[in-house]
Every structure is written in structure tokens, then in C-alpha cells.
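Student: Compact mmCIF, C-alpha atoms, file run.txt:
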```txt
# COMPACT_ATOMS: atom_id res chain seq x y z
CA MET L 1268 0.00 0.00 0.00
CA ASN L 1269 1.46 3.32 -0.96
CA ARG L 1270 1.36 6.47 1.12
CA ARG L 1271 -1.49 8.09 -0.78
CA ARG L 1272 -3.80 5.12 -0.49
CA PHE L 1273 -2.96 4.69 3.18
CA LEU L 1274 -3.84 8.30 4.04
CA LYS L 1275 -7.11 8.11 2.12
CA ALA L 1276 -8.14 4.95 3.94
CA ALA L 1277 -7.11 6.37 7.30
CA GLY L 1278 -9.15 9.49 6.65
CA VAL L 1279 -12.26 7.46 5.91
CA VAL L 1280 -11.85 5.40 9.05
CA ALA L 1281 -11.25 8.48 11.22
CA GLY L 1282 -14.28 10.18 9.72
CA ALA L 1283 -16.46 7.17 10.39
CA LEU L 1284 -15.30 7.07 14.00
CA LEU L 1285 -15.91 10.76 14.63
CA ALA L 1286 -19.22 11.15 12.84
CA PRO L 1287 -21.55 9.32 15.27
CA LYS L 1288 -20.07 11.20 18.20
CA LEU L 1289 -20.49 14.61 16.60
CA THR L 1290 -24.01 14.28 15.22
CA PRO L 1291 -25.99 13.90 18.48
CA ALA L 1292 -24.07 16.78 20.05
CA ILE L 1293 -25.05 19.11 17.23
CA ALA L 1294 -28.64 17.86 17.19
CA GLN L 1295 -29.00 18.68 20.89
CA GLY L 1296 -27.35 22.03 20.45
CA GLY L 1297 -24.15 22.00 22.42
CA GLY L 1298 -23.07 18.63 23.76
CA LEU L 1299 -22.83 19.69 27.39
CA GLU L 1300 -22.21 17.19 30.12
CA GLY L 1301 -25.42 16.07 31.85
CA GLU L 1302 -27.74 17.35 29.18
CA ASP L 1303 -31.33 16.07 29.33
CA VAL L 1304 -33.52 18.04 26.97
CA ALA L 1305 -36.24 15.37 27.00
CA HIS L 1306 -36.70 15.84 30.76
CA LEU L 1307 -36.52 19.63 30.48
CA GLU L 1308 -39.02 19.95 27.65
CA PRO L 1309 -42.31 19.52 29.66
CA THR L 1310 -41.16 22.13 32.20
CA LEU L 1311 -40.26 24.60 29.45
CA GLN L 1312 -43.68 24.06 27.89
CA LYS L 1313 -45.37 24.67 31.24
CA VAL L 1314 -43.37 27.71 32.29
CA LEU L 1315 -42.73 29.45 28.98
CA GLY L 1316 -45.22 27.80 26.66
CA LYS L 1317 -42.33 27.15 24.30
CA GLY L 1318 -40.06 24.20 23.65
CA PHE L 1319 -36.30 23.92 23.74
CA LYS L 1320 -35.96 24.52 20.00
CA ASP L 1321 -37.63 27.95 20.38
CA LEU L 1322 -34.81 29.20 22.60
CA THR L 1323 -32.13 31.22 20.86
CA PRO L 1324 -28.59 30.76 22.18
CA SER L 1325 -27.24 34.26 22.74
CA ASN L 1326 -23.92 35.71 23.85
CA GLN L 1327 -25.80 38.62 25.43
CA VAL L 1328 -26.66 36.30 28.29
CA LYS L 1329 -23.84 35.20 30.54
CA LEU L 1330 -24.34 32.34 32.98
CA THR L 1331 -21.56 31.74 35.48
CA MET L 1332 -21.51 28.34 37.17
CA PRO L 1333 -18.72 26.45 38.95
CA THR L 1334 -17.22 23.62 36.88
CA ILE L 1335 -17.31 21.25 39.84
CA ALA L 1336 -19.52 21.53 42.92
CA GLU L 1337 -18.72 19.37 45.90
CA SER L 1338 -22.24 19.53 47.28
CA GLY L 1339 -25.32 19.80 45.12
CA ALA L 1340 -27.21 21.39 48.01
CA ASN L 1341 -25.66 24.77 47.43
CA VAL L 1342 -24.39 25.67 43.96
CA PRO L 1343 -23.85 29.39 43.34
CA PHE L 1344 -24.77 30.88 40.00
CA GLU L 1345 -24.79 34.30 38.41
CA ILE L 1346 -26.73 35.52 35.38
CA GLU L 1347 -25.71 38.73 33.64
CA VAL L 1348 -27.57 40.11 30.64
CA SER L 1349 -25.93 42.74 28.46
CA LEU L 1350 -29.20 44.30 27.31
CA PRO L 1351 -30.80 47.56 28.46
CA LYS L 1352 -32.99 46.89 31.50
CA ASP L 1353 -36.22 48.03 29.82
CA ARG L 1354 -35.81 45.30 27.19
CA VAL L 1355 -35.67 42.43 29.67
CA LYS L 1356 -38.89 41.08 31.12
CA ALA L 1357 -37.82 38.09 33.18
CA ILE L 1358 -34.91 35.78 33.90
CA HIS L 1359 -35.36 32.04 34.46
CA LEU L 1360 -33.03 29.31 35.58
CA PHE L 1361 -33.45 25.63 34.72
CA VAL L 1362 -31.42 22.60 35.78
CA ASP L 1363 -31.92 19.77 33.26
CA LYS L 1364 -31.74 16.76 35.58
CA ASN L 1365 -33.42 18.10 38.72
CA PRO L 1366 -36.73 16.48 39.75
CA SER L 1367 -38.29 19.90 39.18
CA PRO L 1368 -36.06 21.64 36.64
CA HIS L 1369 -37.47 25.17 37.02
CA ILE L 1370 -35.48 26.93 39.75
CA VAL L 1371 -36.50 30.55 39.73
CA LYS L 1372 -38.25 33.28 37.81
CA VAL L 1373 -37.06 36.84 38.32
CA GLU L 1374 -39.27 39.69 37.15
CA VAL L 1375 -36.58 42.33 36.92
CA GLY L 1376 -38.82 45.42 36.78
CA GLN L 1377 -36.70 48.44 37.71
CA ALA L 1378 -33.68 46.32 38.59
CA MET L 1379 -30.78 45.73 36.24
CA PRO L 1380 -30.93 42.44 34.32
CA TYR L 1381 -28.80 40.55 36.80
CA TYR L 1382 -29.48 37.75 39.23
CA ALA L 1383 -27.27 35.81 41.62
CA SER L 1384 -28.40 33.06 43.93
CA ARG L 1385 -27.77 29.45 44.88
CA THR L 1386 -29.48 26.38 43.55
CA ARG L 1387 -29.81 22.73 44.44
CA MET L 1388 -28.58 20.19 41.91
CA ALA L 1389 -29.58 16.52 42.09
CA GLU L 1390 -26.64 15.37 39.96
CA THR L 1391 -24.19 16.46 37.29
CA SER L 1392 -26.32 18.42 34.87
CA ALA L 1393 -26.56 21.11 32.26
CA VAL L 1394 -27.90 24.43 33.54
CA ARG L 1395 -29.86 26.92 31.43
CA ALA L 1396 -30.43 30.61 31.89
CA VAL L 1397 -33.40 31.76 29.83
CA VAL L 1398 -34.10 35.47 29.38
CA GLU L 1399 -37.54 36.67 28.29
CA THR L 1400 -37.28 39.96 26.40
CA GLN L 1401 -40.09 42.52 26.08
CA ASP L 1402 -40.50 41.67 22.38
CA GLY L 1403 -41.15 38.03 23.24
CA LYS L 1404 -37.79 36.52 22.38
CA LEU L 1405 -36.27 33.80 24.53
CA LEU L 1406 -32.52 34.00 24.87
CA LEU L 1407 -30.55 31.05 26.19
CA ALA L 1408 -27.21 30.55 27.87
CA SER L 1409 -26.07 27.09 28.94
CA ALA L 1410 -23.42 25.80 31.27
CA SER L 1411 -22.67 22.53 32.96
CA THR L 1412 -21.66 21.67 36.50
CA ARG L 1413 -20.27 18.41 37.76
CA VAL L 1414 -21.78 17.47 41.12
CA THR L 1415 -20.06 15.14 43.57
CA VAL L 1416 -22.92 14.73 46.07
CA GLY L 1417 -26.49 15.48 45.04
CA GLY L 1418 -28.69 17.93 46.92
CA CYS L 1419 -32.25 16.86 46.20
CA GLY L 1420 -32.72 13.42 47.71
CA MET M 153 -43.29 32.34 62.65
CA ALA M 154 -41.60 35.12 60.85
CA ILE M 155 -38.78 34.30 58.47
CA ARG M 156 -35.49 35.82 59.58
CA THR M 157 -34.34 38.05 56.78
CA LEU M 158 -31.29 40.22 56.24
CA ALA M 159 -30.54 42.66 53.45
CA ARG M 160 -27.39 44.52 52.55
CA LEU M 161 -25.92 46.58 49.77
CA THR M 162 -22.52 46.19 48.13
CA PRO M 163 -20.86 48.65 47.95
CA PRO M 164 -22.68 50.13 50.99
CA LYS M 165 -22.55 53.70 49.64
CA PRO M 166 -22.51 53.68 45.83
CA LYS M 167 -21.91 56.79 43.73
CA THR M 168 -24.82 58.25 41.78
CA GLY M 169 -25.21 56.40 38.48
CA ASP M 170 -23.16 53.41 39.59
CA ALA M 171 -24.43 49.87 39.78
CA PHE M 172 -24.71 48.21 43.16
CA LYS M 173 -25.94 44.87 44.41
CA LEU M 174 -28.78 44.20 46.79
CA GLN M 175 -28.32 40.90 48.58
CA VAL M 176 -31.04 39.32 50.67
CA VAL M 177 -30.43 36.32 52.91
CA ALA M 178 -33.27 34.44 54.56
CA GLN M 179 -33.21 31.70 57.16
CA HIS M 180 -35.42 28.98 55.74
CA PRO M 181 -35.16 25.19 55.24
CA MET M 182 -36.47 25.36 51.65
CA GLU M 183 -37.73 21.75 51.63
CA PRO M 184 -38.02 20.73 47.98
CA GLY M 185 -40.76 18.14 48.60
CA THR M 186 -38.71 15.32 47.09
CA ARG M 187 -36.86 14.19 50.20
CA LYS M 188 -37.85 11.42 52.61
CA ASP M 189 -37.45 11.17 56.37
CA GLU M 190 -36.03 8.07 58.17
CA LYS M 191 -39.38 6.24 57.93
CA GLY M 192 -39.57 6.78 54.20
CA ASN M 193 -42.34 9.34 54.32
CA LEU M 194 -42.09 12.22 51.92
CA ILE M 195 -41.29 15.52 53.64
CA PRO M 196 -43.81 18.02 52.26
CA ALA M 197 -42.52 20.96 50.25
CA TYR M 198 -41.88 24.07 52.31
CA TYR M 199 -40.18 26.92 50.53
CA ILE M 200 -40.17 30.65 49.92
CA ASP M 201 -42.21 31.25 46.78
CA LEU M 202 -42.28 35.04 46.60
CA VAL M 203 -39.74 37.78 47.19
CA GLU M 204 -40.94 41.31 46.55
CA VAL M 205 -38.55 44.24 46.46
CA TYR M 206 -39.89 47.74 47.11
CA PHE M 207 -37.98 50.98 46.82
CA GLU M 208 -39.63 53.90 48.60
CA GLY M 209 -42.90 51.99 48.66
CA GLN M 210 -42.88 51.22 44.95
CA LYS M 211 -42.39 47.69 43.69
CA VAL M 212 -39.18 47.40 41.68
CA ALA M 213 -38.58 43.66 41.28
CA ASN M 214 -40.14 40.28 41.96
CA VAL M 215 -38.42 36.95 42.50
CA LEU M 216 -40.48 33.75 42.29
CA PRO M 217 -38.34 30.90 43.63
CA GLU M 218 -39.30 27.28 43.03
CA PRO M 219 -38.45 24.39 45.41
CA GLY M 220 -35.05 23.91 43.76
CA VAL M 221 -33.48 26.89 45.50
CA SER M 222 -30.94 26.11 48.24
CA ALA M 223 -31.69 26.21 51.96
CA ASN M 224 -31.09 29.58 53.66
CA PRO M 225 -31.29 31.21 50.26
CA LEU M 226 -29.49 34.26 48.99
CA PHE M 227 -31.15 36.49 46.43
CA GLY M 228 -28.84 38.87 44.62
CA LEU M 229 -30.14 41.70 42.44
CA ALA M 230 -28.42 44.70 40.90
CA PHE M 231 -29.67 48.27 40.64
CA GLN M 232 -28.44 51.57 39.36
CA ALA M 233 -28.07 54.24 42.01
CA ALA M 234 -30.23 57.26 41.17
CA GLN M 235 -31.56 58.68 44.44
CA PRO M 236 -31.25 57.80 48.11
CA GLY M 237 -34.08 55.88 49.70
CA THR M 238 -35.07 52.69 51.45
CA PHE M 239 -35.40 49.21 50.04
CA THR M 240 -38.00 47.00 51.68
CA ILE M 241 -37.96 43.29 50.95
CA LYS M 242 -41.00 41.17 51.66
CA LEU M 243 -40.84 37.38 51.66
CA LYS M 244 -43.60 34.83 51.68
CA ASP M 245 -43.42 31.02 51.82
CA ASN M 246 -45.93 28.43 50.71
CA LYS M 247 -47.30 28.05 54.26
CA GLY M 248 -48.11 31.74 54.45
CA ASP M 249 -45.25 32.80 56.73
CA THR M 250 -43.72 36.13 55.92
CA GLY M 251 -40.43 37.89 56.45
CA GLU M 252 -39.40 41.46 56.02
CA ALA M 253 -36.14 43.36 55.87
CA SER M 254 -35.18 46.83 54.88
CA VAL M 255 -31.96 48.58 54.00
CA LYS M 256 -31.21 52.24 53.44
CA LEU M 257 -29.54 53.39 50.26
CA GLU M 258 -27.21 56.34 50.83
CA LEU M 259 -25.22 57.84 48.02
CA SER M 260 -21.67 59.02 48.36
```
Can you turn what I pasted into C-alpha cells?

Tutor:
Amino acid sequence: MNRRRFLKAAGVVAGALLAPKLTPAIAQGGGLEGEDVAHLEPTLQKVLGKGFKDLTPSNQVKLTMPTIAESGANVPFEIEVSLPKDRVKAIHLFVDKNPSPHIVKVEVGQAMPYYASRTRMAETSAVRAVVETQDGKLLLASASTRVTVGGCG
Amino acid sequence: MAIRTLARLTPPKPKTGDAFKLQVVAQHPMEPGTRKDEKGNLIPAYYIDLVEVYFEGQKVANVLPEPGVSANPLFGLAFQAAQPGTFTIKLKDNKGDTGEASVKLELS
């Protein structure tokens, strides 16, 4: 086998190995650790009346979570929105794998679009910050936190 | 029983036009309603479900926590300093208990 044929064959094999791993990640929109959109979907429908595919990932929303949390009973988070305050209606936080994924709704009113608090996490999960704007858009920021000991059970 | 509530501002004396944080801490077990006691009975949910923030008697923000919020919760909001006044924070849990705290905003 010459060099050219070897490289071609190797490329095909590598592509075949990578493809199945990449496709589901793209289909779910991120490939975060502990993602569970199927479990999140009914809560989104109940709270927002919209599904996961209606959320627009946006870099105007910044969600700060620790990478690893020792205890799931007390995980700090911070949501910052770089939009003028009169354009933001509400801020939500969801944890994909929690028994009840909706954590909080903040009606910002006269406050700046910012919220910091602490949440419980049952296990390693993806976390979503969803921002409702006045013109009805839903902006999304995702993060993921690895939890050593869960805080819900 | 009233919920013990504390509120503070950081920085304590912001300059006019600057952003500052309002942090509220409440003493509350925040039972999520998913845990069981030693006998295997479900502990009923018991959590703060409404936090109202008033500035000079006018409502400025609303926080609606769900059972997933941590015990002894902290609620952090940010405001822009425009005029001095008093923040009043009113809490309510799902058993009807209430808590109240207030903090004075002074400008430097």
C-alpha cells in the first residue's frame, strides 16, 4: 500500500469514528455534560409555553456556574444580561436533571438584568439561563456543572 | 413564625449612576418536597415562593423561587443608584409565613 492510499483509507476510518459522536451533540445544540432536553421539555412548555428549540442561544446572556460543585445542596450561579434593563422582562433558571427543573423566575422590573443566587442540583447536569425579552424573544445561555454529592434526595 | 431576613448593599454607599448589588439572605429550610425522612415518608414541600422588592414603597422587582433553591437562600439583584431611599424586601413562603427586611440606600 502506498502512502497516498494509506492516508485516504485512514481518513475514511477516522471520519467514520468521529461522525456518530459529533451528530448527536449538534442535534441537541451544544453537547454539554449532563444534558437532558427530554426531561426539560415539559417544564419549558409549562413555564414558557415554548419548547427547547424555540430558545435562541445568545452571547448577550452570561451564565456563570462552577465547573465542579462538591455539594449539590448549594451551587452558586450568576446571570448577567448585556441588554438595556427596559428590554428584559424576566430571567429564568433551569437545571436539566433536577426532579423539578425550574429553579427561579425573576421579574426584573426596575432592577438591572442581573441575578445571583444558589441552587440545588440533584446530579451532574446542564444548567440553562433563559431570558424573556419585552418583544417576546427567549434567549438562552447554557453551562454545565459536575456534582459530587447530590442535593435533592 | 416570621422568616429571619437580612438585606445589605454592596458597595454600601454607591456613587450616583453606579451599579450596586442588593443581597437578601433568609433563614429557611427550603424543603423541595422530594426528600424522605427516616421512615420513608415524603417531607412536604416548604419553601419561599415570593420575594418582593420595594424601593420607597414602589415595587421594583419580583423573585419567584421554586423548590429547587438552596436552603437559607441568597437572592442577589443589581440596581443603578439614582436617588437615596429605602429598600424594603418582603418574603412569603408556601405556608403563608412572611419575612421582612429593609436597607437604606445612601449615596456618596

Student: May I ask for the distance between CA of Leu1322 (chain L) and CA of Pro1368 (chain L), given in Å to one decimal place?

Tutor: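 The value is 16.0 Å.
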
Student: For chain M, report every residue with an atom at most 9 Å from chain L (counting all atoms listed in the file), formatted as a PyMOL selection string.

Tutor: chain M and resi 171+175+184-188+211-223+225-232

Student: Given the point (-19.9, 22.8, 37.8) in the file's coordinates, find the residues that have an atom at most 12 Å from it, counting all atoms listed in the file, and give them as number ranges by chain.

Tutor: L: 1299-1301, 1330-1339, 1341-1344, 1362, 1386-1388, 1390-1394, 1409-1416

Student: What does the structure give for the distance between CA of Glu204 (chain M) and CA of Ala233 (chain M), in Å to one decimal?

Tutor: 18.8 Å

Student: CA of Lys247 (chain M) and CA of Tyr199 (chain M) are how many Å apart?

Tutor: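 Taking CA of Lys247 (chain M) as the start and CA of Tyr199 (chain M) as the end point, the length is 8.1 Å.
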
Student: Restricting the calculation to only C-alpha atoms, which member of M:Met182, M:Pro236, M:Lys173, M:Gly251 is positioned closest to Leu161 (chain M)?

Tutor: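 Once distances to Leu161 (chain M) are computed over only C-alpha atoms, the minimum belongs to M:Lys173.
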
Student: With only C-alpha atoms as the basis for distance, which of L:Val1398, L:Ala1408, L:Val1304, L:Leu1350 is at the shortest distance from Phe1319 (chain L)?

Tutor: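 Smallest separation from Phe1319 (chain L) among the options: L:Val1304.
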
Student: Considering all atoms listed in the file, state which residue in the set M:Thr168, M:Asp245, M:Pro181, M:Phe239 is at the smallest distance from Ser260 (chain M).

Tutor: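 Of M:Thr168, M:Asp245, M:Pro181, M:Phe239, the one nearest Ser260 (chain M) is M:Thr168, counting all atoms listed in the file.
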
Student: My list of candidates is M:Gln179, M:Asn246, M:Gln235, M:Thr240. Which is closest to Lys165 (chain M) when distances are computed with only C-alpha atoms?

Tutor: M:Gln235
